[in-house]
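A quick write-up on the structure given underneath.
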Amino acid sequence: MRVLITGGMGVIGAEATRKFVREGHRPVVFARHRDESLVADILDKIDVELGDILDMPRLLQTIKTHKITHIVHTAAFVGAVSAANPALSVQVNVMGMINVLEAARAFDVARVVYTSAKGVYGPAEGEYGDPTYRPVHEDTPKNPKRIYDSAKLMGENAGIYYAANMGLDVVVLRFATTYGPGKTARHGNMGVTSQLIEAPFHGRPFVIEQGGDQRDDFIYNKDSALGIYLACTKQNLKSRIFNIGSGKGATLNDMAAIVRRHIQGADIRIGPGLNFLKSPYPMCSIYDITRAREELGFAPQFDLEAGVADYLSSLKRLKF
């Protein structure tokens, strides 16, 4: 298997890159900018190609040159910048996916794995929100509110269309609330969990006014990478769309308690209540991951305790 990972130096992409290396592969990372901070220690085990997913000739050239057999598409236009530039968000997140699909079709790529987002489901209201938290299934109705999430759903639909009509094998992954190194710098205010861990690690206080009681499904990015790897390698799948999460609910207070056990004197102050993201609508939910367990063989390897411990260890290694 020769895998191309678009956005392979990003928060999730870097962990996917690392996972393929651990499994004995030499992935090709396709990135618009060369930011090696999350992959600095494995640069001798990967190939890096600079390029924009909107640059179709460059994408085709890369696939041809490296004889790519599988593509993991994690590259995206995210965060507040995406919200402020809806036209560009759609162009990058939708047309970028179309380019990946067309390029994959041109070179008979065996499978495309597309990383989507929990926001495609929209507000976590009614039985899916506090206090009942009915697990969100892949068939739960979709109602995205942000332009990023709408574009992600469009990307999903494009992938399913190509699978149904163009003979291309496409698998879609929807991640729960991810956490891992790099999210603070790259995802801004959406990286609350990373801020909670990274601030005490660097000797800074972490203070948030509300949300300490909010339950959410937190998945460590090494488990996100596991889901990506399995989605690339498992054969004879019945489904094309999978939730990747922990399948359990936890709070920021739970995470803070773990950080305090690892960092003596950690200054963490979290206000009570819900909605730690201060979103105009509730975004926190718990995933049903039955389909991923049964078809992909996915089982999270990191509970919250293990995830936080590994995160802190990674910060020391990466000097991030």
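By order of appearance in the structure tokens: chains A, B, ..., then residues from 1 within every chain, and ligands from 1 in the order shown.
Those residues that approach Ala266 (chain A) to within 12 Å, counting only C-alpha atoms, are A:Leu196, A:Ile197, A:Glu198, A:Ala199, A:Pro200, A:Phe201, A:His202, A:Gly203, A:Arg204, A:Pro205, A:Phe206, A:Val207, A:Ala256, A:Ala257, A:Ile258, A:Val259, A:Arg260; same-chain residues fewer than 6 positions away are not listed.
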All strand (DSSP E) positions in region 49-244 of chain A, as a PyMOL selection string:
chain A and resi 49-50+70-73+111-117+170-175+177-179+206-208+218-220+241-244
Limited to N, CA, C and O atoms, could you put the picked residues into a file as a short mmCIF file (atom, residue, chain, number, x, y, z; two decimals), in the first residue's frame?
data_model
loop_
_atom_site.label_atom_id
_atom_site.label_comp_id
_atom_site.auth_asym_id
_atom_site.auth_seq_id
_atom_site.Cartn_x
_atom_site.Cartn_y
_atom_site.Cartn_z
N GLU A 49 5.36 16.27 -0.30
CA GLU A 49 5.11 16.96 -1.56
C GLU A 49 4.30 18.21 -1.26
O GLU A 49 3.20 18.12 -0.69
N LEU A 50 4.83 19.37 -1.59
CA LEU A 50 4.10 20.61 -1.37
C LEU A 50 3.15 20.86 -2.53
O LEU A 50 3.52 20.72 -3.70
N HIS A 70 -3.77 4.41 -2.20
CA HIS A 70 -4.81 4.84 -1.27
C HIS A 70 -4.63 6.32 -0.95
O HIS A 70 -3.49 6.80 -0.90
N ILE A 71 -5.74 7.02 -0.74
CA ILE A 71 -5.68 8.43 -0.37
C ILE A 71 -6.47 8.65 0.91
O ILE A 71 -7.62 8.21 1.04
N VAL A 72 -5.85 9.34 1.87
CA VAL A 72 -6.53 9.82 3.07
C VAL A 72 -6.63 11.34 2.93
O VAL A 72 -5.61 12.03 2.89
N HIS A 73 -7.85 11.83 2.86
CA HIS A 73 -8.05 13.26 2.60
C HIS A 73 -8.44 13.97 3.89
O HIS A 73 -9.59 13.97 4.32
N ARG A 111 -8.77 3.06 -2.74
CA ARG A 111 -9.76 3.60 -1.79
C ARG A 111 -9.39 5.02 -1.40
O ARG A 111 -8.21 5.36 -1.25
N VAL A 112 -10.42 5.85 -1.21
CA VAL A 112 -10.28 7.20 -0.66
C VAL A 112 -10.97 7.23 0.69
O VAL A 112 -12.14 6.84 0.81
N VAL A 113 -10.26 7.68 1.71
CA VAL A 113 -10.83 7.86 3.05
C VAL A 113 -10.96 9.35 3.30
O VAL A 113 -9.97 10.09 3.25
N TYR A 114 -12.18 9.78 3.55
CA TYR A 114 -12.49 11.21 3.73
C TYR A 114 -12.79 11.49 5.20
O TYR A 114 -13.64 10.85 5.80
N THR A 115 -12.09 12.46 5.78
CA THR A 115 -12.31 12.80 7.18
C THR A 115 -13.32 13.94 7.26
O THR A 115 -13.03 15.06 6.88
N SER A 116 -14.49 13.62 7.79
CA SER A 116 -15.56 14.59 7.93
C SER A 116 -15.60 15.10 9.38
O SER A 116 -14.58 15.04 10.09
N ALA A 117 -16.75 15.59 9.83
CA ALA A 117 -16.81 16.24 11.13
C ALA A 117 -18.16 16.01 11.81
O ALA A 117 -19.18 15.78 11.14
N VAL A 170 -14.99 4.66 -1.60
CA VAL A 170 -14.87 5.82 -0.71
C VAL A 170 -15.42 5.47 0.67
O VAL A 170 -16.50 4.88 0.78
N VAL A 171 -14.67 5.83 1.70
CA VAL A 171 -15.10 5.65 3.09
C VAL A 171 -15.07 7.00 3.79
O VAL A 171 -14.09 7.75 3.66
N VAL A 172 -16.13 7.32 4.51
CA VAL A 172 -16.27 8.60 5.21
C VAL A 172 -16.19 8.37 6.72
O VAL A 172 -16.87 7.47 7.25
N LEU A 173 -15.39 9.17 7.40
CA LEU A 173 -15.28 9.09 8.85
C LEU A 173 -15.73 10.41 9.48
O LEU A 173 -15.27 11.48 9.07
N ARG A 174 -16.64 10.31 10.45
CA ARG A 174 -17.08 11.49 11.21
C ARG A 174 -16.52 11.39 12.62
O ARG A 174 -16.88 10.50 13.38
N PHE A 175 -15.65 12.33 12.98
CA PHE A 175 -14.99 12.28 14.27
C PHE A 175 -15.79 13.01 15.35
O PHE A 175 -16.42 14.02 15.09
N THR A 177 -15.40 14.88 19.24
CA THR A 177 -14.54 16.01 19.61
C THR A 177 -13.11 15.52 19.81
O THR A 177 -12.82 14.78 20.74
N THR A 178 -12.23 15.91 18.91
CA THR A 178 -10.86 15.42 18.94
C THR A 178 -9.98 16.28 19.84
O THR A 178 -10.22 17.47 20.03
N TYR A 179 -8.95 15.65 20.39
CA TYR A 179 -7.93 16.41 21.11
C TYR A 179 -6.57 15.77 20.86
O TYR A 179 -6.45 14.57 20.66
N PHE A 206 -5.13 27.97 33.13
CA PHE A 206 -6.24 27.74 32.20
C PHE A 206 -7.51 28.17 32.91
O PHE A 206 -7.84 27.63 33.98
N VAL A 207 -8.18 29.14 32.35
CA VAL A 207 -9.39 29.68 32.97
C VAL A 207 -10.50 29.74 31.94
O VAL A 207 -10.32 30.28 30.84
N ILE A 208 -11.65 29.18 32.28
CA ILE A 208 -12.81 29.24 31.39
C ILE A 208 -14.05 29.48 32.25
O ILE A 208 -14.18 28.92 33.34
N PHE A 218 -15.02 12.74 23.79
CA PHE A 218 -13.66 13.17 23.45
C PHE A 218 -12.86 11.99 22.91
O PHE A 218 -12.80 10.94 23.55
N ILE A 219 -12.26 12.17 21.75
CA ILE A 219 -11.42 11.11 21.19
C ILE A 219 -10.01 11.64 20.97
O ILE A 219 -9.82 12.70 20.36
N TYR A 220 -9.06 10.90 21.49
CA TYR A 220 -7.65 11.27 21.34
C TYR A 220 -7.23 11.01 19.89
O TYR A 220 -7.66 10.05 19.25
N ILE A 241 -20.02 5.03 5.76
CA ILE A 241 -19.92 6.14 6.70
C ILE A 241 -19.81 5.59 8.12
O ILE A 241 -20.62 4.73 8.52
N PHE A 242 -18.84 6.10 8.88
CA PHE A 242 -18.59 5.59 10.23
C PHE A 242 -18.35 6.73 11.22
O PHE A 242 -17.61 7.67 10.92
N ASN A 243 -18.97 6.63 12.39
CA ASN A 243 -18.63 7.50 13.52
C ASN A 243 -17.36 6.96 14.17
O ASN A 243 -17.25 5.76 14.45
N ILE A 244 -16.42 7.87 14.43
CA ILE A 244 -15.20 7.51 15.15
C ILE A 244 -15.14 8.36 16.41
O ILE A 244 -14.94 9.58 16.35
#
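Here the question is which of A:Val308, A:Ala104, A:Gly227, A:Val78 gets nearest to Ser194 (chain A) using only C-alpha atoms, and that residue is A:Val308.
Among the candidates A:Thr290, A:Gln195, A:Thr69, A:Ser314, the residue lying nearest to Phe107 (chain A) is A:Thr69 (atoms considered: only C-alpha atoms).
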I'd like the contact shell of Ser279 (chain A) - 12 Å cut-off, only C-alpha atoms, skipping same-chain residues fewer than 2 positions apart - returned as a PDB file with N, CA and C atoms, in the first residue's frame.
ATOM      1  N   GLY A 119     -19.933  18.133  13.133  1.00  0.00           N
ATOM      2  CA  GLY A 119     -20.834  19.253  12.875  1.00  0.00           C
ATOM      3  C   GLY A 119     -21.847  18.988  11.788  1.00  0.00           C
ATOM      4  N   GLY A 122     -25.286  18.797  13.121  1.00  0.00           N
ATOM      5  CA  GLY A 122     -25.918  20.023  13.585  1.00  0.00           C
ATOM      6  C   GLY A 122     -26.076  20.056  15.090  1.00  0.00           C
ATOM      7  N   PRO A 123     -26.959  20.917  15.601  1.00  0.00           N
ATOM      8  CA  PRO A 123     -27.130  21.077  17.042  1.00  0.00           C
ATOM      9  C   PRO A 123     -27.482  19.771  17.749  1.00  0.00           C
ATOM     10  N   ALA A 124     -26.852  19.543  18.911  1.00  0.00           N
ATOM     11  CA  ALA A 124     -27.152  18.366  19.734  1.00  0.00           C
ATOM     12  C   ALA A 124     -28.299  18.727  20.664  1.00  0.00           C
ATOM     13  N   LYS A 145     -24.985  23.746  10.628  1.00  0.00           N
ATOM     14  CA  LYS A 145     -25.260  25.177  10.761  1.00  0.00           C
ATOM     15  C   LYS A 145     -24.097  26.046  10.281  1.00  0.00           C
ATOM     16  N   ARG A 146     -22.880  25.586  10.473  1.00  0.00           N
ATOM     17  CA  ARG A 146     -21.710  26.366  10.050  1.00  0.00           C
ATOM     18  C   ARG A 146     -21.376  26.052   8.594  1.00  0.00           C
ATOM     19  N   ASN A 189     -10.203  28.902  19.108  1.00  0.00           N
ATOM     20  CA  ASN A 189     -11.117  28.731  20.233  1.00  0.00           C
ATOM     21  C   ASN A 189     -11.777  27.351  20.279  1.00  0.00           C
ATOM     22  N   MET A 190     -11.743  26.625  19.151  1.00  0.00           N
ATOM     23  CA  MET A 190     -12.322  25.286  19.146  1.00  0.00           C
ATOM     24  C   MET A 190     -11.427  24.284  19.868  1.00  0.00           C
ATOM     25  N   GLN A 210     -17.319  28.905  31.840  1.00  0.00           N
ATOM     26  CA  GLN A 210     -18.463  28.000  31.911  1.00  0.00           C
ATOM     27  C   GLN A 210     -18.143  26.684  31.211  1.00  0.00           C
ATOM     28  N   GLY A 211     -18.963  25.672  31.518  1.00  0.00           N
ATOM     29  CA  GLY A 211     -18.876  24.432  30.761  1.00  0.00           C
ATOM     30  C   GLY A 211     -18.302  23.238  31.480  1.00  0.00           C
ATOM     31  N   LEU A 274     -22.907  24.365  31.146  1.00  0.00           N
ATOM     32  CA  LEU A 274     -22.738  23.697  29.861  1.00  0.00           C
ATOM     33  C   LEU A 274     -22.059  24.620  28.839  1.00  0.00           C
ATOM     34  N   ASN A 275     -21.869  24.099  27.635  1.00  0.00           N
ATOM     35  CA  ASN A 275     -21.449  24.874  26.460  1.00  0.00           C
ATOM     36  C   ASN A 275     -20.098  25.564  26.643  1.00  0.00           C
ATOM     37  N   PHE A 276     -19.054  24.751  26.844  1.00  0.00           N
ATOM     38  CA  PHE A 276     -17.721  25.340  27.033  1.00  0.00           C
ATOM     39  C   PHE A 276     -17.192  26.001  25.764  1.00  0.00           C
ATOM     40  N   LEU A 277     -17.789  25.702  24.619  1.00  0.00           N
ATOM     41  CA  LEU A 277     -17.372  26.352  23.378  1.00  0.00           C
ATOM     42  C   LEU A 277     -18.085  27.686  23.146  1.00  0.00           C
ATOM     43  N   TYR A 281     -25.482  27.335  19.699  1.00  0.00           N
ATOM     44  CA  TYR A 281     -26.335  26.156  19.830  1.00  0.00           C
ATOM     45  C   TYR A 281     -25.503  25.027  20.449  1.00  0.00           C
ATOM     46  N   PRO A 282     -26.138  24.045  21.092  1.00  0.00           N
ATOM     47  CA  PRO A 282     -25.377  22.967  21.743  1.00  0.00           C
ATOM     48  C   PRO A 282     -24.667  22.084  20.726  1.00  0.00           C
ATOM     49  N   MET A 283     -23.383  21.840  20.963  1.00  0.00           N
ATOM     50  CA  MET A 283     -22.576  21.065  20.017  1.00  0.00           C
ATOM     51  C   MET A 283     -22.058  19.752  20.601  1.00  0.00           C
ATOM     52  N   CYS A 284     -22.304  19.513  21.878  1.00  0.00           N
ATOM     53  CA  CYS A 284     -21.707  18.356  22.549  1.00  0.00           C
ATOM     54  C   CYS A 284     -22.654  17.167  22.537  1.00  0.00           C
TER      55      CYS A 284
END
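Across A:Pro27, A:Gly8, A:Gly13, A:Gly245, the tightest approach to Val136 (chain A) is made by A:Gly245 when counting only C-alpha atoms.
Across A:His262, A:Lys64, A:Lys278, A:Lys222, the tightest approach to Ser246 (chain A) is made by A:Lys222 when counting only C-alpha atoms.
Across A:Glu138, A:Asp55, A:Asp254, A:Glu15, the tightest approach to Asn99 (chain A) is made by A:Asp55 when counting only C-alpha atoms.
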Taking the DSSP secondary structure from the backbone, can you list the residues of region 16-218 of chain A that are helix (DSSP H, G or I), as a ChimeraX atom specification?
/A:16-22,40-45,56-65,79-84,86-106,118-121,126-128,147-165,183-190,192-201
Would you mind telling me which residue in A:Val3, A:Met255, A:Met97, A:Ala40 lies nearest to Tyr311 (chain A) when using only C-alpha atoms?
A:Met255
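Relative to CA of Asn221 (chain A), CA of Leu318 (chain A) is found at 15.1 Å.
You will find CA of Leu88 (chain A) at 21.9 Å from CA of Leu60 (chain A).
Computed from the coordinates, the CA of Ala76 (chain A) to CA of Gln91 (chain A) distance equals 10.1 Å.
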Can you tell me which residues surround region 19-23 of chain A at a distance of at most 12 Å, considering only C-alpha atoms, apart from same-chain residues fewer than 6 positions away, and format the answer as a PyMOL selection string?
chain A and resi 1-5+8+12-13+29+39+41-47+70+72+221-230+232-233
